[in-house]
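Below is start-v3.txt, which holds compact mmCIF, C-alpha atoms.
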```
# COMPACT_ATOMS: atom_id res chain seq x y z
CA MET A 211 32.19 30.13 13.76
CA ARG A 212 30.49 30.80 17.05
CA ASN A 213 27.79 32.71 15.22
CA LEU A 214 27.25 29.79 12.91
CA ILE A 215 26.84 27.36 15.81
CA ALA A 216 24.47 29.81 17.50
CA PHE A 217 22.49 29.99 14.28
CA PHE A 218 22.17 26.22 14.12
CA ILE A 219 21.13 26.00 17.74
CA ARG A 220 18.56 28.75 17.35
CA HIS A 221 17.02 27.09 14.31
CA HIS A 222 17.63 23.48 15.32
CA VAL A 223 13.93 22.60 15.10
CA PHE A 224 13.82 23.58 11.46
CA PHE A 225 17.01 21.65 10.67
CA VAL A 226 15.74 18.51 12.39
CA PHE A 227 12.49 18.88 10.44
CA PHE A 228 14.37 19.39 7.17
CA LEU A 229 16.61 16.36 7.75
CA LEU A 230 13.72 14.04 8.65
CA GLU A 231 11.68 15.18 5.65
CA ILE A 232 14.65 14.56 3.35
CA ILE A 233 14.95 11.02 4.69
CA ALA A 234 11.21 10.44 4.15
CA VAL A 235 11.11 11.87 0.64
CA GLY A 236 14.32 9.99 -0.15
CA MET A 237 12.58 6.74 0.80
CA LEU A 238 9.65 7.66 -1.44
CA ILE A 239 11.82 8.48 -4.44
CA GLN A 240 13.97 5.41 -3.94
CA SER A 241 10.85 3.26 -3.97
CA HIS A 242 10.30 4.19 -7.62
CA TYR A 243 13.47 2.32 -8.52
CA TYR A 244 12.82 -1.32 -8.92
CA GLN A 245 15.76 -2.92 -7.16
CA ALA A 246 16.35 -0.60 -4.25
CA SER A 247 13.44 -0.79 -1.89
CA ARG A 248 14.67 -3.05 0.85
CA PHE A 249 14.57 -0.40 3.57
CA ALA A 250 11.40 -0.19 5.66
CA SER A 251 9.02 -2.64 4.08
CA SER A 252 6.77 -5.20 5.67
CA SER A 253 9.01 -7.97 4.37
CA SER A 254 11.45 -7.14 7.16
CA ALA A 255 11.67 -9.90 9.74
CA TRP A 256 9.92 -8.43 12.79
CA SER A 257 7.01 -6.75 11.08
CA GLY A 258 6.55 -9.83 8.91
CA GLN A 259 6.34 -12.02 11.98
CA MET A 260 3.74 -9.75 13.59
CA LEU A 261 1.58 -9.69 10.48
CA GLU A 262 1.86 -13.44 10.12
CA GLY A 263 0.87 -13.98 13.75
CA TYR A 264 -2.17 -11.77 13.30
CA ASN A 265 -3.08 -13.54 10.08
CA ASN A 266 -2.78 -16.95 11.74
CA SER A 267 -5.21 -15.89 14.43
CA THR A 268 -7.83 -14.64 11.96
CA GLU A 269 -7.34 -17.33 9.33
CA TYR A 270 -9.62 -19.72 11.17
CA PHE A 271 -12.67 -17.68 10.21
CA SER A 272 -12.15 -18.17 6.49
CA LEU A 273 -11.27 -21.88 6.58
CA LYS A 274 -14.47 -22.95 4.90
CA GLU A 275 -13.89 -20.72 1.90
CA ILE A 276 -10.24 -21.75 1.62
CA ASN A 277 -11.24 -25.41 1.66
CA GLN A 278 -13.66 -24.87 -1.16
CA LEU A 279 -11.10 -22.99 -3.25
CA LEU A 280 -8.53 -25.74 -2.72
CA ALA A 281 -11.05 -28.40 -3.70
CA GLU A 282 -11.83 -26.53 -6.91
CA GLU A 283 -8.14 -26.17 -7.66
CA ASN A 284 -7.64 -29.90 -7.06
CA ALA A 285 -10.41 -30.75 -9.45
CA ARG A 286 -8.96 -28.46 -12.09
CA LEU A 287 -5.51 -30.01 -11.78
CA LYS A 288 -6.95 -33.51 -12.03
CA THR A 289 -8.74 -32.73 -15.26
CA MET A 290 -5.60 -31.08 -16.60
CA ARG A 291 -3.51 -34.16 -15.85
CA THR A 292 -5.87 -36.50 -17.61
CA SER A 293 -6.48 -34.32 -20.64
CA THR A 294 -2.96 -33.22 -21.53
CA LYS A 295 -0.26 -35.67 -22.48
CA SER A 296 1.55 -33.85 -25.28
CA ASP A 297 5.27 -33.06 -25.01
CA SER A 298 4.94 -29.30 -25.24
CA ILE A 299 2.90 -29.13 -22.04
CA VAL A 300 5.51 -31.15 -20.20
CA PHE A 301 8.10 -28.68 -21.38
CA THR A 302 6.22 -25.64 -20.06
CA ASN A 303 5.74 -27.37 -16.77
CA ASN A 304 9.48 -27.84 -16.58
CA GLN A 305 10.20 -24.27 -17.51
CA TYR A 306 7.94 -22.80 -14.86
CA GLN A 307 8.04 -23.86 -11.27
CA TYR A 308 5.09 -22.92 -9.06
CA ILE A 309 5.74 -22.10 -5.41
CA SER A 310 2.67 -21.81 -3.21
CA ALA A 311 2.56 -19.10 -0.55
CA LYS A 312 0.10 -17.71 1.94
CA VAL A 313 -0.97 -14.06 1.91
CA ILE A 314 -0.36 -12.58 5.37
CA LYS A 315 -1.27 -9.00 4.51
CA ASN A 316 -3.44 -7.63 1.77
CA SER A 317 -4.73 -4.21 0.79
CA TYR A 318 -6.91 -3.06 -2.08
CA ASN A 319 -8.27 0.34 -1.09
CA LYS A 320 -5.14 2.48 -1.37
CA ARG A 321 -3.67 4.13 -4.44
CA ASN A 322 -0.68 1.76 -4.27
CA ASN A 323 -1.46 -1.68 -2.95
CA TYR A 324 0.92 -4.36 -1.77
CA LEU A 325 0.48 -7.90 -0.48
CA SER A 326 2.83 -9.72 1.89
CA LEU A 327 3.63 -13.42 1.52
CA ASN A 328 4.94 -15.86 4.10
CA LYS A 329 7.75 -17.14 1.84
CA GLY A 330 11.03 -15.49 0.96
CA SER A 331 14.46 -15.98 -0.56
CA LEU A 332 14.98 -19.22 1.41
CA HIS A 333 12.10 -20.74 -0.57
CA GLY A 334 13.46 -19.53 -3.88
CA LEU A 335 11.55 -16.28 -4.30
CA GLU A 336 13.24 -13.38 -6.10
CA ASN A 337 12.41 -9.82 -7.10
CA GLY A 338 10.43 -9.59 -10.31
CA MET A 339 8.70 -12.98 -10.21
CA GLY A 340 5.06 -13.19 -11.17
CA VAL A 341 2.32 -14.04 -8.66
CA CYS A 342 -1.06 -15.54 -9.54
CA THR A 343 -3.96 -17.51 -8.12
CA GLN A 344 -6.02 -20.11 -9.93
CA GLN A 345 -8.29 -17.26 -11.05
CA GLY A 346 -5.57 -15.16 -12.61
CA VAL A 347 -2.73 -12.69 -12.25
CA VAL A 348 -2.21 -10.98 -8.87
CA GLY A 349 1.03 -9.01 -9.27
CA ILE A 350 4.81 -8.99 -9.27
CA ILE A 351 7.23 -9.59 -6.38
CA ARG A 352 8.77 -6.37 -5.24
CA ASP A 353 10.84 -7.10 -2.12
CA VAL A 354 12.24 -10.29 -0.69
CA SER A 355 13.72 -11.02 2.73
CA GLU A 356 14.71 -14.45 4.04
CA HIS A 357 11.24 -15.52 5.13
CA TYR A 358 8.89 -12.94 3.63
CA ALA A 359 8.14 -11.19 0.38
CA THR A 360 5.99 -8.24 -0.70
CA VAL A 361 4.01 -8.22 -3.91
CA MET A 362 3.11 -5.14 -5.95
CA SER A 363 -0.43 -5.99 -7.04
CA ILE A 364 -2.12 -4.89 -10.27
CA LEU A 365 -3.82 -2.32 -8.03
CA ASN A 366 -0.73 -0.10 -7.96
CA LYS A 367 0.20 2.88 -10.09
CA ASN A 368 3.69 1.44 -10.74
CA THR A 369 2.48 -1.91 -12.04
CA VAL A 370 2.23 -2.39 -15.78
CA ILE A 371 1.29 -5.83 -17.08
CA SER A 372 1.75 -6.81 -20.69
CA THR A 373 -1.36 -8.57 -21.94
CA ARG A 374 -2.99 -9.86 -25.10
CA PHE A 375 -6.43 -11.00 -26.22
CA SER A 376 -6.94 -14.71 -25.92
CA LYS A 377 -8.61 -14.88 -29.33
CA SER A 378 -6.14 -12.71 -31.25
CA ASN A 379 -2.54 -11.70 -30.75
CA HIS A 380 -3.06 -7.96 -30.33
CA PHE A 381 -1.36 -6.85 -27.17
CA GLY A 382 -1.58 -3.89 -24.81
CA GLU A 383 -0.57 -2.63 -21.40
CA LEU A 384 -2.72 -2.96 -18.31
CA HIS A 385 -2.70 -0.05 -15.83
CA TRP A 386 -4.82 0.79 -12.80
CA ASP A 387 -6.42 4.22 -12.33
CA GLY A 388 -6.94 3.83 -8.57
CA LYS A 389 -10.72 3.96 -8.54
CA SER A 390 -12.14 0.48 -8.08
CA ALA A 391 -10.50 -2.79 -7.02
CA ASP A 392 -12.58 -4.62 -9.63
CA PHE A 393 -11.50 -2.79 -12.79
CA ALA A 394 -8.21 -1.93 -14.50
CA GLN A 395 -7.56 -0.01 -17.71
CA LEU A 396 -6.11 -1.38 -20.91
CA GLN A 397 -4.14 0.98 -23.10
CA SER A 398 -2.48 1.02 -26.50
CA ILE A 399 -4.98 -1.16 -28.35
CA GLU A 400 -5.31 0.46 -31.77
CA LYS A 401 -8.71 1.31 -33.14
CA TYR A 402 -8.70 -1.01 -36.11
CA VAL A 403 -8.71 -4.05 -33.80
CA GLN A 404 -12.13 -5.68 -33.48
CA ILE A 405 -13.09 -6.02 -29.83
CA SER A 406 -16.31 -6.67 -27.97
CA VAL A 407 -17.51 -6.73 -24.38
CA GLY A 408 -16.65 -10.02 -22.70
CA ASP A 409 -13.43 -10.69 -24.65
CA SER A 410 -10.94 -12.27 -22.31
CA LEU A 411 -7.38 -11.11 -21.74
CA VAL A 412 -4.41 -13.31 -20.87
CA THR A 413 -0.72 -12.74 -20.19
CA ASN A 414 1.65 -12.86 -23.14
CA SER A 415 5.16 -14.24 -23.15
CA TYR A 416 6.98 -11.01 -24.09
CA SER A 417 8.28 -10.55 -20.58
CA SER A 418 9.72 -13.46 -18.63
CA ILE A 419 7.55 -12.68 -15.59
CA PHE A 420 4.46 -14.69 -16.49
CA PRO A 421 4.06 -17.73 -18.68
CA GLU A 422 1.80 -17.43 -21.69
CA GLY A 423 -1.96 -17.60 -21.15
CA ILE A 424 -2.68 -16.84 -17.50
CA PRO A 425 -6.08 -15.10 -17.31
CA ILE A 426 -6.18 -11.42 -16.35
CA GLY A 427 -9.76 -10.38 -16.93
CA THR A 428 -12.50 -9.66 -19.43
CA ILE A 429 -13.51 -6.46 -21.19
CA ASN A 430 -16.24 -4.76 -19.18
CA ARG A 431 -16.81 -1.79 -21.45
CA PHE A 432 -14.87 0.24 -24.01
CA GLU A 433 -15.00 3.59 -25.76
CA ARG A 434 -13.83 4.79 -29.17
CA GLU A 435 -13.15 8.47 -29.14
CA SER A 436 -12.72 10.03 -32.57
CA THR A 437 -9.78 12.20 -31.50
CA GLU A 438 -7.64 9.34 -30.19
CA ASN A 439 -5.89 6.53 -31.97
CA PHE A 440 -6.47 4.03 -29.22
CA TYR A 441 -9.46 2.56 -27.46
CA SER A 442 -10.04 3.26 -23.81
CA ILE A 443 -10.95 -0.09 -22.34
CA GLU A 444 -12.10 -1.06 -18.86
CA VAL A 445 -11.15 -4.57 -17.79
CA ASP A 446 -13.03 -6.58 -15.19
CA LEU A 447 -10.21 -8.27 -13.25
CA SER A 448 -10.61 -12.00 -12.77
CA VAL A 449 -8.97 -12.03 -9.34
CA ASP A 450 -11.12 -10.89 -6.42
CA TYR A 451 -8.65 -8.76 -4.46
CA ARG A 452 -10.96 -8.66 -1.47
CA ASN A 453 -10.48 -12.35 -0.96
CA ILE A 454 -7.00 -13.74 -1.57
CA ASP A 455 -5.61 -16.36 0.79
CA PHE A 456 -3.19 -18.53 -1.16
CA VAL A 457 -1.16 -17.61 -4.23
CA TYR A 458 1.36 -19.21 -6.55
CA VAL A 459 4.70 -17.59 -7.27
CA ILE A 460 5.96 -18.40 -10.75
CA LYS A 461 9.63 -19.13 -11.17
CA ASP A 462 10.92 -19.12 -14.72
CA MET A 463 13.78 -21.63 -14.84
CA LEU A 464 15.02 -20.35 -18.20
CA LYS A 465 14.94 -16.65 -17.31
CA GLU A 466 18.72 -16.24 -17.17
CA GLU A 467 19.20 -18.02 -20.47
CA ARG A 468 16.64 -15.78 -22.15
CA LYS A 469 18.13 -12.65 -20.62
CA THR A 470 21.66 -13.39 -21.81
CA LEU A 471 20.41 -14.24 -25.27
CA GLU A 472 18.42 -11.02 -25.56
CA LYS A 473 21.28 -8.98 -24.14
CA ASN A 474 23.73 -10.40 -26.68
CA GLN A 475 21.43 -9.34 -29.44
CA ILE A 476 21.40 -5.73 -28.32
CA GLU A 477 25.20 -5.59 -28.17
CA MET B 996 -0.65 6.95 36.24
CA ASN B 997 2.79 8.01 35.11
CA LYS B 998 2.44 10.50 32.22
CA THR B 999 5.26 9.09 30.08
CA LEU B 1000 3.83 5.61 30.43
CA THR B 1001 0.43 6.87 29.24
CA HIS B 1002 2.02 8.18 26.05
CA ILE B 1003 3.97 4.96 25.46
CA ILE B 1004 0.82 2.88 25.92
CA ARG B 1005 -1.06 5.23 23.60
CA PHE B 1006 1.65 4.81 20.94
CA PHE B 1007 1.37 1.02 20.92
CA SER B 1008 -2.41 0.85 21.16
CA LEU B 1009 -2.85 3.34 18.30
CA VAL B 1010 -0.34 1.42 16.14
CA ALA B 1011 -2.17 -1.84 16.84
CA PHE B 1012 -5.59 -0.29 16.19
CA GLN B 1013 -4.38 1.24 12.92
CA VAL B 1014 -2.43 -1.74 11.57
CA PHE B 1015 -4.66 -4.62 12.59
CA PHE B 1016 -8.06 -2.97 12.38
CA LEU B 1017 -8.34 0.24 10.35
CA ASN B 1018 -5.91 -0.84 7.61
CA ASN B 1019 -8.13 -3.87 7.02
CA VAL B 1020 -11.46 -2.08 7.06
CA GLN B 1021 -13.06 -1.09 3.79
CA ILE B 1022 -15.15 2.07 3.92
CA SER B 1023 -17.12 2.78 0.74
CA GLY B 1024 -14.44 1.67 -1.69
CA TYR B 1025 -11.40 3.79 -1.24
CA LEU B 1026 -11.40 5.82 1.96
CA ASN B 1027 -8.67 5.21 4.52
CA PRO B 1028 -9.00 6.70 8.00
CA TYR B 1029 -5.73 7.28 9.85
CA VAL B 1030 -6.10 7.87 13.57
CA TYR B 1031 -2.52 7.10 14.63
CA ILE B 1032 -1.77 10.85 14.36
CA LEU B 1033 -3.71 11.31 17.61
CA PHE B 1034 -0.49 10.23 19.35
CA ILE B 1035 1.39 13.29 18.02
CA MET B 1036 -1.60 15.58 18.62
CA LEU B 1037 -1.80 14.65 22.31
CA LEU B 1038 1.90 14.91 23.17
CA PRO B 1039 2.48 17.44 25.99
CA PRO B 1040 2.83 21.03 24.67
CA LYS B 1041 5.99 21.53 26.73
CA LEU B 1042 7.86 18.69 25.07
CA PRO B 1043 10.87 20.02 23.07
CA LYS B 1044 9.89 20.57 19.42
CA ALA B 1045 12.80 18.52 18.10
CA MET B 1046 11.64 15.61 20.26
CA VAL B 1047 8.11 15.87 18.82
CA LEU B 1048 9.61 15.76 15.31
CA ILE B 1049 11.61 12.63 16.13
CA LEU B 1050 8.56 10.94 17.66
CA GLY B 1051 6.57 11.88 14.54
CA PHE B 1052 9.27 10.34 12.39
CA GLY B 1053 9.17 7.13 14.46
CA MET B 1054 5.38 6.90 14.26
CA GLY B 1055 5.32 7.56 10.51
CA LEU B 1056 8.06 5.04 9.83
CA THR B 1057 6.20 2.36 11.82
CA MET B 1058 3.11 2.98 9.67
CA ASP B 1059 5.16 2.89 6.46
CA ILE B 1060 6.68 -0.44 7.41
CA PHE B 1061 3.32 -2.05 8.02
CA ALA B 1062 1.54 -0.52 5.06
CA ASP B 1063 4.42 -0.84 2.52
CA SER B 1064 3.93 2.81 1.66
CA TYR B 1065 7.62 3.77 1.47
CA GLY B 1066 7.97 7.07 3.26
CA ILE B 1067 4.63 8.80 2.67
CA HIS B 1068 3.41 8.36 6.27
CA THR B 1069 6.79 9.49 7.57
CA ALA B 1070 6.79 12.63 5.43
CA ALA B 1071 3.21 13.55 6.37
CA THR B 1072 3.63 12.86 10.08
CA VAL B 1073 6.90 14.82 10.36
CA LEU B 1074 5.17 17.75 8.68
CA LEU B 1075 2.30 17.42 11.16
CA ALA B 1076 4.75 17.45 14.07
CA TYR B 1077 6.45 20.56 12.65
CA ILE B 1078 3.20 22.48 12.14
CA ARG B 1079 1.74 21.45 15.52
CA PRO B 1080 3.12 24.39 17.57
CA ASN B 1081 1.66 26.89 15.06
CA ILE B 1082 -1.79 25.34 15.23
CA LEU B 1083 -1.49 25.14 19.01
CA ALA B 1084 -0.74 28.88 19.05
CA LEU B 1085 -3.97 29.45 17.12
CA VAL B 1086 -6.14 27.78 19.73
CA SER B 1087 -4.47 28.89 22.96
CA ILE B 1088 -3.27 32.21 24.29
CA LYS B 1089 0.37 31.52 25.09
CA GLY B 1090 1.10 29.03 22.31
CA GLY B 1091 0.21 26.11 24.52
CA GLU B 1092 2.76 27.02 27.21
CA ASP B 1093 -0.10 27.48 29.67
CA LEU B 1094 -1.55 24.03 28.98
CA GLU B 1095 -0.60 21.01 31.07
CA ALA B 1096 -1.86 18.51 28.51
CA ILE B 1097 -3.98 18.60 25.37
CA SER B 1098 -7.50 17.25 25.80
CA ILE B 1099 -11.12 18.22 25.22
CA LYS B 1100 -11.37 19.19 28.88
CA GLN B 1101 -8.38 21.55 28.71
CA LEU B 1102 -9.18 23.18 25.36
CA ARG B 1103 -12.98 22.94 25.35
CA PHE B 1104 -14.65 21.22 22.43
CA GLY B 1105 -14.61 24.05 19.87
CA ARG B 1106 -10.91 24.74 20.11
CA PHE B 1107 -10.04 21.06 20.33
CA PHE B 1108 -12.06 20.51 17.15
CA THR B 1109 -10.18 23.30 15.34
CA TYR B 1110 -6.82 21.95 16.54
CA THR B 1111 -7.38 18.30 15.55
CA GLY B 1112 -9.32 19.25 12.41
CA LEU B 1113 -6.61 21.48 10.96
CA LEU B 1114 -3.82 19.03 11.76
CA CYS B 1115 -5.84 16.15 10.34
CA LEU B 1116 -6.51 18.06 7.09
CA ILE B 1117 -2.83 18.96 6.64
CA HIS B 1118 -1.70 15.41 7.36
CA HIS B 1119 -4.25 13.69 5.12
CA PHE B 1120 -3.82 16.01 2.15
CA THR B 1121 -0.03 15.64 2.29
CA LEU B 1122 -0.40 11.89 2.59
CA PHE B 1123 -2.87 11.35 -0.25
CA TYR B 1124 -1.10 13.67 -2.69
CA LEU B 1125 2.27 12.06 -1.96
CA GLU B 1126 0.66 8.68 -2.51
CA ALA B 1127 -0.86 9.64 -5.86
CA PHE B 1128 2.29 11.62 -6.83
CA ARG B 1129 0.78 12.91 -10.05
CA LEU B 1130 -1.46 15.84 -10.80
CA ASN B 1131 -3.78 14.32 -13.38
CA GLU B 1132 -5.61 12.56 -10.55
CA PHE B 1133 -6.01 15.85 -8.70
CA ILE B 1134 -9.77 15.78 -8.21
CA ASP B 1135 -9.99 12.11 -7.26
CA THR B 1136 -7.24 12.51 -4.72
CA PHE B 1137 -8.91 15.63 -3.33
CA GLY B 1138 -12.13 13.73 -2.69
CA ARG B 1139 -10.33 10.81 -1.12
CA ALA B 1140 -8.29 13.05 1.17
CA PHE B 1141 -11.29 15.16 2.15
CA PHE B 1142 -13.66 12.30 3.02
CA SER B 1143 -10.92 10.33 4.75
CA THR B 1144 -10.22 13.41 6.87
CA ILE B 1145 -13.87 13.54 7.93
CA ILE B 1146 -13.85 9.90 8.98
CA SER B 1147 -10.50 10.15 10.79
CA LEU B 1148 -11.58 13.31 12.57
CA SER B 1149 -14.87 11.77 13.70
CA LEU B 1150 -13.01 8.74 15.06
CA ILE B 1151 -10.46 10.94 16.82
CA LEU B 1152 -13.16 13.12 18.42
CA LEU B 1153 -15.13 10.04 19.45
CA MET B 1154 -12.10 8.42 21.07
CA GLU B 1155 -11.19 11.64 22.83
CA SER B 1156 -14.66 12.33 24.20
CA LEU B 1157 -14.87 8.76 25.49
CA ARG B 1158 -11.53 9.27 27.23
CA SER B 1159 -12.49 12.59 28.83
CA ASN B 1160 -15.83 11.17 30.00
CA LYS B 1161 -14.05 8.27 31.64
CA ASN B 1162 -11.66 10.63 33.42
CA LYS B 1163 -14.50 12.73 34.78
CA ARG B 1164 -16.14 9.84 36.58
```

Exercise: express the given structure as structure tokens:
Amino acid sequence: MRNLIAFFIRHHVFFVFFLLEIIAVGMLIQSHYYQASRFASSSSAWSGQMLEGYNNSTEYFSLKEINQLLAEENARLKTMRTSTKSDSIVFTNNQYQYISAKVIKNSYNKRNNYLSLNKGSLHGLENGMGVCTQQGVVGIIRDVSEHYATVMSILNKNTVISTRFSKSNHFGELHWDGKSADFAQLQSIEKYVQISVGDSLVTNSYSSIFPEGIPIGTINRFERESTENFYSIEVDLSVDYRNIDFVYVIKDMLKEERKTLEKNQIE
Amino acid sequence: MNKTLTHIIRFFSLVAFQVFFLNNVQISGYLNPYVYILFIMLLPPKLPKAMVLILGFGMGLTMDIFADSYGIHTAATVLLAYIRPNILALVSIKGGEDLEAISIKQLRFGRFFTYTGLLCLIHHFTLFYLEAFRLNEFIDTFGRAFFSTIISLSLILLMESLRSNKNKR
């Protein structure tokens, strides 16, 4: 017993190292599971407050741009209100509730990028909700605390967004290869589908994260290799990740209903 | 000035510089310099090794919280803190026991460059490969890690030479 204790004391540096590394790698592995990533994220109260304070102090410099964006958005909403009066539109507006939030932290140059928002569970945000701007899809909510939330953007290796062509119903999965903040890669579009540069991509309604038809991007270039069954397509993302100030979080009011229905079917 | 206080001030100023400035700077697309590791590099050589490890853990965790990177900074910085005595042994005769503090003035530029360079390489390569976490991006990640190391190292050497010049006067 004494020998054992002496052994531990002699090698205590290694054991401390080993323990700390296990904690760190544990955090990393845990982060790959969707629900369990509450520990150590910028949505925690104190770091969120610091980031928000910093953002408030620098926000002043981009006021002009924000004003312009808001004016454009206003104009768009006005035209939408006057041009649509059919019942189906009213229904979709009731199904999806839009919650506006401010981006207090943003990154786009890492392999895995996250944004932080200044709204949290108190404002109705939950894990797994979609986030977009008026230009298009930004990402999916990953972590929520009372006042803050973090968003896993499209620019993240763990994000997969289900998408379809706006002119046909062929659908595929959007991934990001980590190279440029402007382009993402579209997979699993079979070769017989007719596509051309400039075709636009929108969200589909297969998952309950995004409503149907939110823009994602346009095809920038594509390749047909004879050995593969699928195209390799590069998508020019419609959102400019270098410049995001305000976003909308999309809350699907009928999500629970849809989930229970789909679950019953499996059983 | 009190030595402990110097290190505490260095901790907070490096965190602020990293989080509010460097994390928001875009250098040619996808390079990320990380200079916060200078805090661990400059800790006194006589500090107990376990203490260095714990400080490395604290520094890495702080970075992870602000960057939403879930453990990769912690893992890389703890490894850096563990390797530090070995690298220190490479550049000094008695494994750093003879040094009062680590600085350009104490080690001379060549040895200081080797010391910070090696630690920076180890830290950045661990960090970028943990972040990518898959081998089919091996070459991309290699380039990112390598060029980020160069930028971080230049910043670290610049900051350190400014500091030693100021002390001389």

Could you give me, as CSV, every chain A residue with an atom at most 10 Å from chain B, plus its closest atom pair and distance in Å to one decimal, counting only C-alpha atoms, rows ordered by chain then number?
```
residue,atom,partner,partner_atom,distance
A:His222,CA,B:Ala1045,CA,7.5
A:Val223,CA,B:Ala1045,CA,5.2
A:Phe224,CA,B:Tyr1077,CA,8.1
A:Phe225,CA,B:Ala1045,CA,9.1
A:Val226,CA,B:Ala1045,CA,6.4
A:Phe227,CA,B:Leu1048,CA,6.5
A:Phe228,CA,B:Val1073,CA,9.3
A:Leu230,CA,B:Phe1052,CA,6.9
A:Glu231,CA,B:Ala1070,CA,5.5
A:Ile232,CA,B:Ala1070,CA,8.4
A:Ile233,CA,B:Gly1066,CA,8.1
A:Ala234,CA,B:Gly1066,CA,4.8
A:Val235,CA,B:Gly1066,CA,6.3
A:Gly236,CA,B:Gly1066,CA,7.8
A:Met237,CA,B:Gly1066,CA,5.2
A:Leu238,CA,B:Gly1066,CA,5.0
A:Ile239,CA,B:Tyr1065,CA,8.6
A:Gln240,CA,B:Tyr1065,CA,8.5
A:Ser241,CA,B:Tyr1065,CA,6.3
A:His242,CA,B:Tyr1065,CA,9.5
A:Ser247,CA,B:Tyr1065,CA,8.1
A:Arg248,CA,B:Tyr1065,CA,9.8
A:Phe249,CA,B:Tyr1065,CA,8.4
A:Ala250,CA,B:Ile1060,CA,5.0
A:Ser251,CA,B:Ile1060,CA,4.6
A:Ser252,CA,B:Ile1060,CA,5.1
A:Ser253,CA,B:Ile1060,CA,8.4
A:Ser254,CA,B:Ile1060,CA,8.2
A:Ser257,CA,B:Phe1061,CA,6.7
A:Gly258,CA,B:Phe1061,CA,8.5
A:Met260,CA,B:Phe1061,CA,9.5
A:Leu261,CA,B:Phe1061,CA,8.2
A:Tyr264,CA,B:Phe1015,CA,7.6
A:Asn265,CA,B:Phe1015,CA,9.4
A:Lys315,CA,B:Asn1019,CA,8.9
A:Asn316,CA,B:Asn1019,CA,8.0
A:Ser317,CA,B:Asn1019,CA,7.1
A:Tyr318,CA,B:Tyr1025,CA,8.2
A:Asn319,CA,B:Tyr1025,CA,4.7
A:Lys320,CA,B:Tyr1025,CA,6.4
A:Arg321,CA,B:Ala1127,CA,6.3
A:Asn322,CA,B:Glu1126,CA,7.3
A:Asn323,CA,B:Asp1063,CA,8.1
A:Tyr324,CA,B:Asp1063,CA,6.6
A:Leu325,CA,B:Asp1063,CA,8.6
A:Ser326,CA,B:Asp1063,CA,9.0
A:Thr360,CA,B:Asp1063,CA,8.2
A:Val361,CA,B:Asp1063,CA,9.8
A:Met362,CA,B:Asp1063,CA,9.6
A:Asn366,CA,B:Ala1127,CA,10.0
A:Lys367,CA,B:Ala1127,CA,8.0
A:Asp387,CA,B:Glu1132,CA,8.6
A:Gly388,CA,B:Tyr1025,CA,8.6
A:Lys389,CA,B:Tyr1025,CA,7.3
A:Ser390,CA,B:Gly1024,CA,6.9
A:Ala391,CA,B:Gly1024,CA,8.0
A:Arg452,CA,B:Gln1021,CA,9.5
```

**Q.** Between atom CA of A:Val403 and atom CA of A:Ser372 - distance in Å to one decimal
**A.** 17.0 Å

Would you compute an axis-aligned box for stretch 1094-1097 of chain B, covering every atom listed for it in the file with 4 Å of margin on each side, and report centre and edge lengths in Å to one decimal as lines of an AutoDock Vina configuration file?
```
center_x = -2.3
center_y = 21.3
center_z = 28.2
size_x = 11.4
size_y = 13.5
size_z = 13.7
```

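Using all atoms listed in the file, the smallest distance between any of B:Leu1122, B:Phe1007, B:Glu1095, B:Pro1028 and B:Ser1143 comes from B:Pro1028.
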
Just want the 8 Å neighbourhood of B:Phe1141, counted on all atoms listed in the file, with same-chain residues fewer than 2 positions away dropped. Output as a compact mmCIF listing (two decimals) with C-alpha atoms, keeping the file's coordinate frame.
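Output file around-v7.txt follows:
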```
# COMPACT_ATOMS: atom_id res chain seq x y z
CA LEU B 1116 -6.51 18.06 7.09
CA HIS B 1119 -4.25 13.69 5.12
CA PHE B 1120 -3.82 16.01 2.15
CA PHE B 1137 -8.91 15.63 -3.33
CA GLY B 1138 -12.13 13.73 -2.69
CA ARG B 1139 -10.33 10.81 -1.12
CA SER B 1143 -10.92 10.33 4.75
CA THR B 1144 -10.22 13.41 6.87
CA ILE B 1145 -13.87 13.54 7.93
```

As a PDB file, keeping the file's coordinate frame, please: stretch 1133-1139 of chain B completed to N, CA and C atoms.
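And here is the file that came out, rebuild_31.pdb:
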```
ATOM      1  N   PHE B1133      -5.840  14.837  -9.740  1.00  0.00           N
ATOM      2  CA  PHE B1133      -6.010  15.850  -8.700  1.00  0.00           C
ATOM      3  C   PHE B1133      -7.363  15.773  -8.003  1.00  0.00           C
ATOM      4  N   ILE B1134      -8.430  15.698  -8.799  1.00  0.00           N
ATOM      5  CA  ILE B1134      -9.770  15.780  -8.210  1.00  0.00           C
ATOM      6  C   ILE B1134     -10.118  14.518  -7.424  1.00  0.00           C
ATOM      7  N   ASP B1135      -9.773  13.371  -7.985  1.00  0.00           N
ATOM      8  CA  ASP B1135      -9.990  12.110  -7.260  1.00  0.00           C
ATOM      9  C   ASP B1135      -9.310  12.118  -5.912  1.00  0.00           C
ATOM     10  N   THR B1136      -8.019  12.505  -5.939  1.00  0.00           N
ATOM     11  CA  THR B1136      -7.240  12.510  -4.720  1.00  0.00           C
ATOM     12  C   THR B1136      -7.827  13.482  -3.706  1.00  0.00           C
ATOM     13  N   PHE B1137      -8.311  14.627  -4.218  1.00  0.00           N
ATOM     14  CA  PHE B1137      -8.910  15.630  -3.330  1.00  0.00           C
ATOM     15  C   PHE B1137     -10.101  15.024  -2.575  1.00  0.00           C
ATOM     16  N   GLY B1138     -10.965  14.343  -3.311  1.00  0.00           N
ATOM     17  CA  GLY B1138     -12.130  13.730  -2.690  1.00  0.00           C
ATOM     18  C   GLY B1138     -11.738  12.687  -1.659  1.00  0.00           C
ATOM     19  N   ARG B1139     -10.788  11.850  -2.043  1.00  0.00           N
ATOM     20  CA  ARG B1139     -10.330  10.810  -1.120  1.00  0.00           C
ATOM     21  C   ARG B1139      -9.795  11.414   0.165  1.00  0.00           C
TER      22      ARG B1139
END
```
